[in-house]
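See below for model-v5.pdb, which holds PDB, C-alpha atoms.
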ATOM      1  CA  MET Q 179      19.978  -9.862 -11.636  1.00  0.00           C
ATOM      2  CA  GLY Q 180      21.339 -11.793 -14.556  1.00  0.00           C
ATOM      3  CA  THR Q 181      19.908 -11.723 -18.053  1.00  0.00           C
ATOM      4  CA  GLY Q 182      16.431 -13.232 -18.300  1.00  0.00           C
ATOM      5  CA  LEU Q 183      13.468 -13.056 -16.042  1.00  0.00           C
ATOM      6  CA  PRO Q 184      13.572 -14.912 -12.725  1.00  0.00           C
ATOM      7  CA  GLN Q 185      11.005 -17.605 -12.038  1.00  0.00           C
ATOM      8  CA  THR Q 186      11.387 -17.712  -8.259  1.00  0.00           C
ATOM      9  CA  ILE Q 187      11.679 -15.391  -5.310  1.00  0.00           C
ATOM     10  CA  THR Q 188      12.973 -16.696  -1.977  1.00  0.00           C
ATOM     11  CA  TYR Q 189      13.543 -15.333   1.507  1.00  0.00           C
ATOM     12  CA  LEU Q 190      16.980 -16.098   2.929  1.00  0.00           C
ATOM     13  CA  PRO Q 191      16.771 -15.619   6.712  1.00  0.00           C
ATOM     14  CA  SER Q 192      19.781 -14.781   8.828  1.00  0.00           C
ATOM     15  CA  GLU Q 193      20.523 -15.176  12.517  1.00  0.00           C
ATOM     16  CA  GLY Q 194      20.337 -11.418  13.091  1.00  0.00           C
ATOM     17  CA  GLY Q 195      16.694 -11.262  12.014  1.00  0.00           C
ATOM     18  CA  GLU Q 196      17.374  -9.384   8.795  1.00  0.00           C
ATOM     19  CA  GLY Q 197      17.784 -11.659   5.842  1.00  0.00           C
ATOM     20  CA  LYS Q 198      17.734 -11.143   2.107  1.00  0.00           C
ATOM     21  CA  VAL Q 199      15.309 -11.724  -0.707  1.00  0.00           C
ATOM     22  CA  GLN Q 200      16.742 -13.652  -3.631  1.00  0.00           C
ATOM     23  CA  VAL Q 201      15.164 -12.816  -6.976  1.00  0.00           C
ATOM     24  CA  GLY Q 202      16.658 -15.059  -9.608  1.00  0.00           C
ATOM     25  CA  GLU Q 203      20.401 -14.497  -9.311  1.00  0.00           C
ATOM     26  CA  GLY Q 204      20.056 -11.138  -7.501  1.00  0.00           C
ATOM     27  CA  GLU Q 205      19.713 -10.424  -3.793  1.00  0.00           C
ATOM     28  CA  PHE Q 206      18.011  -7.556  -1.987  1.00  0.00           C
ATOM     29  CA  GLY Q 207      18.424  -6.764   1.669  1.00  0.00           C
ATOM     30  CA  PRO Q 208      18.238  -6.276   4.512  1.00  0.00           C
ATOM     31  CA  VAL Q 209      14.710  -7.677   4.684  1.00  0.00           C
ATOM     32  CA  THR Q 210      13.037  -8.715   7.916  1.00  0.00           C
ATOM     33  CA  GLU Q 211      10.784 -11.758   8.180  1.00  0.00           C
ATOM     34  CA  ARG Q 212       7.876  -9.390   8.899  1.00  0.00           C
ATOM     35  CA  MET Q 213       8.520  -7.485   5.645  1.00  0.00           C
ATOM     36  CA  TRP Q 214       8.641 -10.778   3.742  1.00  0.00           C
ATOM     37  CA  ALA Q 215       5.370 -11.982   5.304  1.00  0.00           C
ATOM     38  CA  TYR Q 216       3.515  -8.629   5.125  1.00  0.00           C
ATOM     39  CA  ASP Q 217       0.057  -9.055   3.672  1.00  0.00           C
ATOM     40  CA  VAL Q 218      -3.031  -6.984   3.025  1.00  0.00           C
ATOM     41  CA  GLY Q 219      -6.325  -8.828   3.112  1.00  0.00           C
ATOM     42  CA  GLY Q 220      -4.493 -12.149   3.011  1.00  0.00           C
ATOM     43  CA  THR Q 221      -2.449 -11.230  -0.078  1.00  0.00           C
ATOM     44  CA  ASN Q 222       1.315 -11.262   0.397  1.00  0.00           C
ATOM     45  CA  ILE Q 223       2.605  -7.956  -0.980  1.00  0.00           C
ATOM     46  CA  ILE Q 224       6.048  -9.086  -2.145  1.00  0.00           C
ATOM     47  CA  GLY Q 225       4.614 -12.238  -3.706  1.00  0.00           C
ATOM     48  CA  LYS Q 226       1.916 -10.280  -5.516  1.00  0.00           C
ATOM     49  CA  TRP Q 227       4.427  -7.730  -6.830  1.00  0.00           C
ATOM     50  CA  PHE Q 228       6.758 -10.459  -8.064  1.00  0.00           C
ATOM     51  CA  GLY Q 229       3.924 -12.534  -9.563  1.00  0.00           C
ATOM     52  CA  TYR Q 230       3.495 -10.030 -12.385  1.00  0.00           C
ATOM     53  CA  ARG Q 231       7.230  -9.677 -13.028  1.00  0.00           C
ATOM     54  CA  LYS Q 232       8.488 -13.243 -13.190  1.00  0.00           C
ATOM     55  CA  ALA Q 233       9.301 -15.343 -16.251  1.00  0.00           C
ATOM     56  CA  ASP Q 234       5.775 -16.784 -16.338  1.00  0.00           C
ATOM     57  CA  PRO Q 235       3.627 -13.926 -14.971  1.00  0.00           C
ATOM     58  CA  GLY Q 236       0.490 -14.781 -13.070  1.00  0.00           C
ATOM     59  CA  GLY Q 237      -2.870 -13.127 -13.289  1.00  0.00           C
ATOM     60  CA  LYS Q 238      -6.038 -13.646 -15.228  1.00  0.00           C
ATOM     61  CA  LYS Q 239      -5.580 -14.201 -18.968  1.00  0.00           C
ATOM     62  CA  THR Q 240      -8.238 -12.297 -20.889  1.00  0.00           C
ATOM     63  CA  SER Q 241      -6.631 -11.723 -24.273  1.00  0.00           C
ATOM     64  CA  PRO Q 242      -3.641 -12.758 -26.409  1.00  0.00           C
ATOM     65  CA  LEU Q 243      -1.905  -9.585 -25.234  1.00  0.00           C
ATOM     66  CA  ASP Q 244      -1.573 -11.184 -21.798  1.00  0.00           C
ATOM     67  CA  ASP Q 245       1.090 -13.463 -23.289  1.00  0.00           C
ATOM     68  CA  VAL Q 246       3.225 -10.513 -24.401  1.00  0.00           C
ATOM     69  CA  HIS Q 247       5.765  -9.487 -21.777  1.00  0.00           C
ATOM     70  CA  VAL Q 248       9.390  -8.450 -21.438  1.00  0.00           C
ATOM     71  CA  ALA Q 249      12.197 -10.971 -21.938  1.00  0.00           C
ATOM     72  CA  THR Q 250      14.688  -9.388 -19.541  1.00  0.00           C
ATOM     73  CA  TRP Q 251      14.380  -7.772 -16.128  1.00  0.00           C
ATOM     74  CA  PRO Q 252      14.165  -3.983 -16.676  1.00  0.00           C
ATOM     75  CA  LYS Q 253      16.353  -1.760 -14.484  1.00  0.00           C
ATOM     76  CA  GLU Q 254      13.206   0.111 -13.430  1.00  0.00           C
ATOM     77  CA  TRP Q 255      11.985  -3.014 -11.646  1.00  0.00           C
ATOM     78  CA  ILE Q 256      15.083  -2.976  -9.455  1.00  0.00           C
ATOM     79  CA  SER Q 257      14.208   0.563  -8.334  1.00  0.00           C
ATOM     80  CA  GLU Q 258      10.554  -0.408  -7.914  1.00  0.00           C
ATOM     81  CA  PHE Q 259      11.447  -3.383  -5.738  1.00  0.00           C
ATOM     82  CA  ASN Q 260      13.799  -1.283  -3.606  1.00  0.00           C
ATOM     83  CA  GLU Q 261      11.007   1.278  -3.142  1.00  0.00           C
ATOM     84  CA  LEU Q 262       8.572  -1.494  -2.195  1.00  0.00           C
ATOM     85  CA  LEU Q 263      11.027  -2.880   0.358  1.00  0.00           C
ATOM     86  CA  THR Q 264      11.597   0.622   1.761  1.00  0.00           C
ATOM     87  CA  ALA Q 265       7.844   1.150   2.161  1.00  0.00           C
ATOM     88  CA  LEU Q 266       7.435  -2.251   3.810  1.00  0.00           C
ATOM     89  CA  ARG Q 267      10.301  -1.482   6.200  1.00  0.00           C
ATOM     90  CA  ARG Q 268       8.667   1.783   7.239  1.00  0.00           C
ATOM     91  CA  ILE Q 269       5.220   0.227   7.593  1.00  0.00           C
ATOM     92  CA  THR Q 270       6.432  -2.720   9.641  1.00  0.00           C
ATOM     93  CA  ASP Q 271       8.687  -0.568  11.830  1.00  0.00           C
ATOM     94  CA  LEU Q 272       5.646   1.555  12.722  1.00  0.00           C
ATOM     95  CA  GLU Q 273       3.385  -1.384  13.622  1.00  0.00           C
ATOM     96  CA  PRO Q 274       4.000  -1.180  17.399  1.00  0.00           C
ATOM     97  CA  GLU Q 275       3.154   2.538  17.466  1.00  0.00           C
ATOM     98  CA  GLN Q 276       0.133   1.961  15.214  1.00  0.00           C
ATOM     99  CA  ALA Q 277      -1.130  -0.780  17.542  1.00  0.00           C
ATOM    100  CA  GLU Q 278      -0.691   1.508  20.550  1.00  0.00           C
ATOM    101  CA  LEU Q 279      -2.547   4.326  18.788  1.00  0.00           C
ATOM    102  CA  LEU Q 280      -5.400   2.002  17.817  1.00  0.00           C
ATOM    103  CA  GLU Q 281      -5.618   0.689  21.374  1.00  0.00           C
ATOM    104  CA  GLY Q 282      -5.888   4.267  22.654  1.00  0.00           C
ATOM    105  CA  ILE Q 283      -8.594   5.106  20.150  1.00  0.00           C
ATOM    106  CA  LEU Q 284     -10.604   2.001  20.982  1.00  0.00           C
ATOM    107  CA  ALA Q 285     -10.268   2.687  24.699  1.00  0.00           C
ATOM    108  CA  GLY Q 286     -11.419   6.289  24.251  1.00  0.00           C
ATOM    109  CA  PRO Q 287     -14.943   7.654  24.464  1.00  0.00           C
ATOM    110  CA  LEU Q 288     -17.480   6.903  21.759  1.00  0.00           C
ATOM    111  CA  THR Q 289     -19.129   9.672  19.827  1.00  0.00           C
ATOM    112  CA  THR Q 290     -22.788   9.230  18.982  1.00  0.00           C
ATOM    113  CA  ALA Q 291     -24.744  10.623  16.067  1.00  0.00           C
ATOM    114  CA  ASP Q 292     -26.625  12.821  18.544  1.00  0.00           C
ATOM    115  CA  GLY Q 293     -23.355  14.137  19.913  1.00  0.00           C
ATOM    116  CA  LEU Q 294     -22.093  14.919  16.413  1.00  0.00           C
ATOM    117  CA  ALA Q 295     -25.381  16.642  15.531  1.00  0.00           C
ATOM    118  CA  ALA Q 296     -25.141  18.716  18.716  1.00  0.00           C
ATOM    119  CA  ALA Q 297     -21.642  19.754  17.601  1.00  0.00           C
ATOM    120  CA  GLY Q 298     -23.047  20.999  14.282  1.00  0.00           C
ATOM    121  CA  VAL Q 299     -22.523  18.018  11.987  1.00  0.00           C
ATOM    122  CA  LYS Q 300     -25.234  17.851   9.344  1.00  0.00           C
ATOM    123  CA  PHE Q 301     -26.186  14.387   8.152  1.00  0.00           C
ATOM    124  CA  PRO Q 302     -27.659  13.722   4.693  1.00  0.00           C
ATOM    125  CA  GLN Q 303     -31.452  13.864   4.714  1.00  0.00           C
ATOM    126  CA  ASN Q 304     -32.050  12.805   1.089  1.00  0.00           C
ATOM    127  CA  PRO Q 305     -30.070  11.440  -1.912  1.00  0.00           C
ATOM    128  CA  LYS Q 306     -29.250  14.956  -3.140  1.00  0.00           C
ATOM    129  CA  ASP Q 307     -27.410  15.618   0.138  1.00  0.00           C
ATOM    130  CA  ARG Q 308     -25.118  12.657  -0.578  1.00  0.00           C
ATOM    131  CA  LYS Q 309     -23.790  14.041  -3.869  1.00  0.00           C
ATOM    132  CA  PRO Q 310     -20.401  15.753  -3.731  1.00  0.00           C
ATOM    133  CA  ARG Q 311     -20.451  19.514  -3.795  1.00  0.00           C
ATOM    134  CA  HIS Q 312     -18.093  21.241  -6.136  1.00  0.00           C
ATOM    135  CA  GLY Q 313     -16.845  24.616  -4.985  1.00  0.00           C
ATOM    136  CA  LEU Q 314     -17.110  26.476  -1.716  1.00  0.00           C
ATOM    137  CA  PRO Q 315     -20.400  27.396  -0.079  1.00  0.00           C
ATOM    138  CA  PRO Q 316     -21.374  31.062  -0.331  1.00  0.00           C
ATOM    139  CA  ALA Q 317     -19.621  33.143   2.308  1.00  0.00           C
ATOM    140  CA  ASP Q 318     -21.650  34.695   5.100  1.00  0.00           C
ATOM    141  CA  PRO Q 319     -20.741  38.412   5.015  1.00  0.00           C
ATOM    142  CA  ASP Q 320     -21.288  38.707   8.792  1.00  0.00           C
ATOM    143  CA  SER Q 321     -18.921  35.874   9.623  1.00  0.00           C
ATOM    144  CA  GLU Q 322     -15.154  35.600   9.432  1.00  0.00           C
ATOM    145  CA  GLN Q 323     -15.530  31.841   9.215  1.00  0.00           C
ATOM    146  CA  GLY Q 324     -14.598  30.480   5.810  1.00  0.00           C
ATOM    147  CA  MET Q 325     -12.567  33.519   4.820  1.00  0.00           C
ATOM    148  CA  ILE Q 326      -9.254  32.866   3.160  1.00  0.00           C
ATOM    149  CA  ILE Q 327      -6.623  35.327   4.285  1.00  0.00           C
TER     150      ILE Q 327
END
Target format structure tokens, applied to this file:
Amino acid sequence: MGTGLPQTITYLPSEGGEGKVQVGEGEFGPVTERMWAYDVGGTNIIGKWFGYRKADPGGKKTSPLDDVHVATWPKEWISEFNELLTALRRITDLEPEQAELLEGILAGPLTTADGLAAAGVKFPQNPKDRKPRHGLPPADPDSEQGMII
């Protein structure tokens, strides 16, 4: 990684489809183009992660403390970035199966509120019903349902 903080991050594609990510003087790989481009809500994940760890970190400046940051790349960030790349690899590798699952769900039957109510689902009737309940409901002594064995 070198000694200071990198200012740039770059994707280095290869002919085999798995390139590398160059962070300053260091390289991480293999990284697919899909991993590099992965976004959530229009925000590129790798870019966002790096934006807070570069020589001139991004983000909203709200106090003088925002100008205080590390001068060298901590070893922990190398592990963090490897973990991020591992998660992105797993997520992107599962995309075809996730798309197939979603397609199956969308093609399946719809459940209506009436159908759920007929199956025993109780919907909130007033604001008190919407508050979370802490603890288990009282056990019905005539029922085995809810018993922990």
- From the list Q:Thr188, Q:Asn304, Q:Gly229, Q:Met213, which residue is nearest Asp271 of chain Q when using only C-alpha atoms?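 With only C-alpha atoms as the atom set, the closest residue is Q:Met213.
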Sorted per-residue table, segment 223-306 of chain Q near segment 192-200 of chain Q, closest atoms and distance, 12 Å, only C-alpha atoms, as CSV:
residue,atom,partner,partner_atom,distance
Q:Ile224,CA,Q:Val199,CA,9.7
Q:Gly225,CA,Q:Val199,CA,11.1
Q:Phe228,CA,Q:Val199,CA,11.4
Q:Phe259,CA,Q:Val199,CA,10.5
Q:Asn260,CA,Q:Val199,CA,10.9
Q:Leu263,CA,Q:Val199,CA,9.9
Q:Arg267,CA,Q:Glu196,CA,10.9
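Across Q:Val246, Q:Ile283, Q:Leu266, Q:Val299, the tightest approach to Arg212 of chain Q is made by Q:Leu266 when counting all atoms listed in the file.
Across the model, the gap from atom CA of Val201 of chain Q to atom CA of Ala233 of chain Q is 11.3 Å.
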- Message: Calculated over all atoms listed in the file, which of the candidates Q:Ser257, Q:Glu203, Q:Gly282, Q:Ile269 has the smallest distance to Val218 of chain Q?
- Response: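 Counting all atoms listed in the file, the residue closest to Val218 of chain Q is Q:Ile269.
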- Task: Please provide the set of residues having any atom within 10 Å of Asp234 of chain Q, restricted to all atoms listed in the file, with same-chain residues fewer than 6 positions apart removed, written as a list of chain:residue names.
- Result: Q:Leu183, Q:Pro184, Q:Gln185, Q:Thr186, Q:Asp245, Q:His247
Requested write-out: C-alpha atoms of the selected residues, as an mmCIF file, keeping the file's coordinate frame:
data_model
loop_
_atom_site.group_PDB
_atom_site.id
_atom_site.type_symbol
_atom_site.label_atom_id
_atom_site.label_comp_id
_atom_site.auth_asym_id
_atom_site.auth_seq_id
_atom_site.Cartn_x
_atom_site.Cartn_y
_atom_site.Cartn_z
ATOM 1 C CA LEU Q 183 13.468 -13.056 -16.042
ATOM 2 C CA PRO Q 184 13.572 -14.912 -12.725
ATOM 3 C CA GLN Q 185 11.005 -17.605 -12.038
ATOM 4 C CA THR Q 186 11.387 -17.712 -8.259
ATOM 5 C CA ASP Q 245 1.090 -13.463 -23.289
ATOM 6 C CA HIS Q 247 5.765 -9.487 -21.777
#
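Between atom CA of Trp214 of chain Q and atom CA of Tyr189 of chain Q the interatomic distance comes to 7.1 Å.
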- Quick one: pull the distance between atom CA of Pro302 of chain Q and atom CA of Pro316 of chain Q, Å, one decimal. 19.1 Å
- Message: If the PyMOL selection byres ((chain Q and resi 249-254) around 6) were run on this exact file, what residues would it hold? Put them as a ChimeraX atom specification.
- Response: /Q:181-183,248,255-257
Go ahead and save the residues from that selection, with C-alpha atoms, as a PDB file, in the frame of the given file.
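Writing the result to out_31.pdb gives the following:
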ATOM      1  CA  THR Q 181      19.908 -11.723 -18.053  1.00  0.00           C
ATOM      2  CA  GLY Q 182      16.431 -13.232 -18.300  1.00  0.00           C
ATOM      3  CA  LEU Q 183      13.468 -13.056 -16.042  1.00  0.00           C
ATOM      4  CA  VAL Q 248       9.390  -8.450 -21.438  1.00  0.00           C
ATOM      5  CA  TRP Q 255      11.985  -3.014 -11.646  1.00  0.00           C
ATOM      6  CA  ILE Q 256      15.083  -2.976  -9.455  1.00  0.00           C
ATOM      7  CA  SER Q 257      14.208   0.563  -8.334  1.00  0.00           C
TER       8      SER Q 257
END
Could you add the missing atoms to segment 215-243 of chain Q, up to N, CA and C atoms, and return them as a PDB file, in the coordinates of the input?
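To be explicit, this is the file written out as part36.pdb:
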ATOM      1  N   ALA Q 215       6.690 -11.399   5.063  1.00  0.00           N
ATOM      2  CA  ALA Q 215       5.370 -11.982   5.304  1.00  0.00           C
ATOM      3  C   ALA Q 215       4.244 -10.960   5.228  1.00  0.00           C
ATOM      4  N   TYR Q 216       4.543  -9.674   5.066  1.00  0.00           N
ATOM      5  CA  TYR Q 216       3.515  -8.629   5.125  1.00  0.00           C
ATOM      6  C   TYR Q 216       2.417  -8.895   4.092  1.00  0.00           C
ATOM      7  N   ASP Q 217       1.184  -8.834   4.572  1.00  0.00           N
ATOM      8  CA  ASP Q 217       0.057  -9.055   3.672  1.00  0.00           C
ATOM      9  C   ASP Q 217      -1.030  -8.024   3.922  1.00  0.00           C
ATOM     10  N   VAL Q 218      -1.855  -7.838   2.921  1.00  0.00           N
ATOM     11  CA  VAL Q 218      -3.031  -6.984   3.025  1.00  0.00           C
ATOM     12  C   VAL Q 218      -4.207  -7.828   2.561  1.00  0.00           C
ATOM     13  N   GLY Q 219      -5.157  -8.031   3.441  1.00  0.00           N
ATOM     14  CA  GLY Q 219      -6.325  -8.828   3.112  1.00  0.00           C
ATOM     15  C   GLY Q 219      -5.982 -10.259   2.728  1.00  0.00           C
ATOM     16  N   GLY Q 220      -4.897 -10.779   3.302  1.00  0.00           N
ATOM     17  CA  GLY Q 220      -4.493 -12.149   3.011  1.00  0.00           C
ATOM     18  C   GLY Q 220      -3.605 -12.294   1.787  1.00  0.00           C
ATOM     19  N   THR Q 221      -3.311 -11.185   1.108  1.00  0.00           N
ATOM     20  CA  THR Q 221      -2.449 -11.230  -0.078  1.00  0.00           C
ATOM     21  C   THR Q 221      -1.055 -10.755   0.297  1.00  0.00           C
ATOM     22  N   ASN Q 222      -0.067 -11.615   0.113  1.00  0.00           N
ATOM     23  CA  ASN Q 222       1.315 -11.262   0.397  1.00  0.00           C
ATOM     24  C   ASN Q 222       1.773 -10.212  -0.613  1.00  0.00           C
ATOM     25  N   ILE Q 223       2.262  -9.088  -0.123  1.00  0.00           N
ATOM     26  CA  ILE Q 223       2.605  -7.956  -0.980  1.00  0.00           C
ATOM     27  C   ILE Q 223       3.797  -8.251  -1.879  1.00  0.00           C
ATOM     28  N   ILE Q 224       4.870  -8.791  -1.324  1.00  0.00           N
ATOM     29  CA  ILE Q 224       6.048  -9.086  -2.145  1.00  0.00           C
ATOM     30  C   ILE Q 224       5.709 -10.156  -3.185  1.00  0.00           C
ATOM     31  N   GLY Q 225       5.000 -11.185  -2.772  1.00  0.00           N
ATOM     32  CA  GLY Q 225       4.614 -12.238  -3.706  1.00  0.00           C
ATOM     33  C   GLY Q 225       3.741 -11.725  -4.836  1.00  0.00           C
ATOM     34  N   LYS Q 226       2.812 -10.847  -4.503  1.00  0.00           N
ATOM     35  CA  LYS Q 226       1.916 -10.280  -5.516  1.00  0.00           C
ATOM     36  C   LYS Q 226       2.700  -9.417  -6.501  1.00  0.00           C
ATOM     37  N   TRP Q 227       3.612  -8.589  -5.964  1.00  0.00           N
ATOM     38  CA  TRP Q 227       4.427  -7.730  -6.830  1.00  0.00           C
ATOM     39  C   TRP Q 227       5.249  -8.595  -7.782  1.00  0.00           C
ATOM     40  N   PHE Q 228       5.894  -9.613  -7.250  1.00  0.00           N
ATOM     41  CA  PHE Q 228       6.758 -10.459  -8.064  1.00  0.00           C
ATOM     42  C   PHE Q 228       5.954 -11.288  -9.069  1.00  0.00           C
ATOM     43  N   GLY Q 229       4.747 -11.682  -8.708  1.00  0.00           N
ATOM     44  CA  GLY Q 229       3.924 -12.534  -9.563  1.00  0.00           C
ATOM     45  C   GLY Q 229       3.704 -11.980 -10.953  1.00  0.00           C
ATOM     46  N   TYR Q 230       3.698 -10.658 -11.076  1.00  0.00           N
ATOM     47  CA  TYR Q 230       3.495 -10.030 -12.385  1.00  0.00           C
ATOM     48  C   TYR Q 230       4.814  -9.726 -13.093  1.00  0.00           C
ATOM     49  N   ARG Q 231       5.930 -10.036 -12.465  1.00  0.00           N
ATOM     50  CA  ARG Q 231       7.230  -9.677 -13.028  1.00  0.00           C
ATOM     51  C   ARG Q 231       8.159 -10.878 -13.198  1.00  0.00           C
ATOM     52  N   LYS Q 232       7.647 -12.055 -13.057  1.00  0.00           N
ATOM     53  CA  LYS Q 232       8.488 -13.243 -13.190  1.00  0.00           C
ATOM     54  C   LYS Q 232       8.428 -13.765 -14.628  1.00  0.00           C
ATOM     55  N   ALA Q 233       9.208 -14.805 -14.891  1.00  0.00           N
ATOM     56  CA  ALA Q 233       9.301 -15.343 -16.251  1.00  0.00           C
ATOM     57  C   ALA Q 233       7.940 -15.771 -16.786  1.00  0.00           C
ATOM     58  N   ASP Q 234       7.120 -16.365 -15.944  1.00  0.00           N
ATOM     59  CA  ASP Q 234       5.775 -16.784 -16.338  1.00  0.00           C
ATOM     60  C   ASP Q 234       4.793 -16.023 -15.464  1.00  0.00           C
ATOM     61  N   PRO Q 235       4.451 -14.766 -15.851  1.00  0.00           N
ATOM     62  CA  PRO Q 235       3.627 -13.926 -14.971  1.00  0.00           C
ATOM     63  C   PRO Q 235       2.262 -14.535 -14.689  1.00  0.00           C
ATOM     64  N   GLY Q 236       1.801 -14.297 -13.475  1.00  0.00           N
ATOM     65  CA  GLY Q 236       0.490 -14.781 -13.070  1.00  0.00           C
ATOM     66  C   GLY Q 236      -0.586 -13.807 -13.505  1.00  0.00           C
ATOM     67  N   GLY Q 237      -1.755 -14.020 -12.995  1.00  0.00           N
ATOM     68  CA  GLY Q 237      -2.870 -13.127 -13.289  1.00  0.00           C
ATOM     69  C   GLY Q 237      -3.838 -13.764 -14.272  1.00  0.00           C
ATOM     70  N   LYS Q 238      -4.980 -13.164 -14.355  1.00  0.00           N
ATOM     71  CA  LYS Q 238      -6.038 -13.646 -15.228  1.00  0.00           C
ATOM     72  C   LYS Q 238      -5.672 -13.368 -16.686  1.00  0.00           C
ATOM     73  N   LYS Q 239      -5.848 -14.347 -17.535  1.00  0.00           N
ATOM     74  CA  LYS Q 239      -5.580 -14.201 -18.968  1.00  0.00           C
ATOM     75  C   LYS Q 239      -6.910 -13.893 -19.657  1.00  0.00           C
ATOM     76  N   THR Q 240      -6.993 -12.694 -20.246  1.00  0.00           N
ATOM     77  CA  THR Q 240      -8.238 -12.297 -20.889  1.00  0.00           C
ATOM     78  C   THR Q 240      -8.086 -12.027 -22.374  1.00  0.00           C
ATOM     79  N   SER Q 241      -6.838 -11.954 -22.849  1.00  0.00           N
ATOM     80  CA  SER Q 241      -6.631 -11.723 -24.273  1.00  0.00           C
ATOM     81  C   SER Q 241      -5.247 -12.227 -24.668  1.00  0.00           C
ATOM     82  N   PRO Q 242      -4.975 -12.342 -25.967  1.00  0.00           N
ATOM     83  CA  PRO Q 242      -3.641 -12.758 -26.409  1.00  0.00           C
ATOM     84  C   PRO Q 242      -2.543 -11.787 -25.968  1.00  0.00           C
ATOM     85  N   LEU Q 243      -2.900 -10.566 -25.692  1.00  0.00           N
ATOM     86  CA  LEU Q 243      -1.905  -9.585 -25.234  1.00  0.00           C
ATOM     87  C   LEU Q 243      -1.335  -9.943 -23.866  1.00  0.00           C
TER      88      LEU Q 243
END
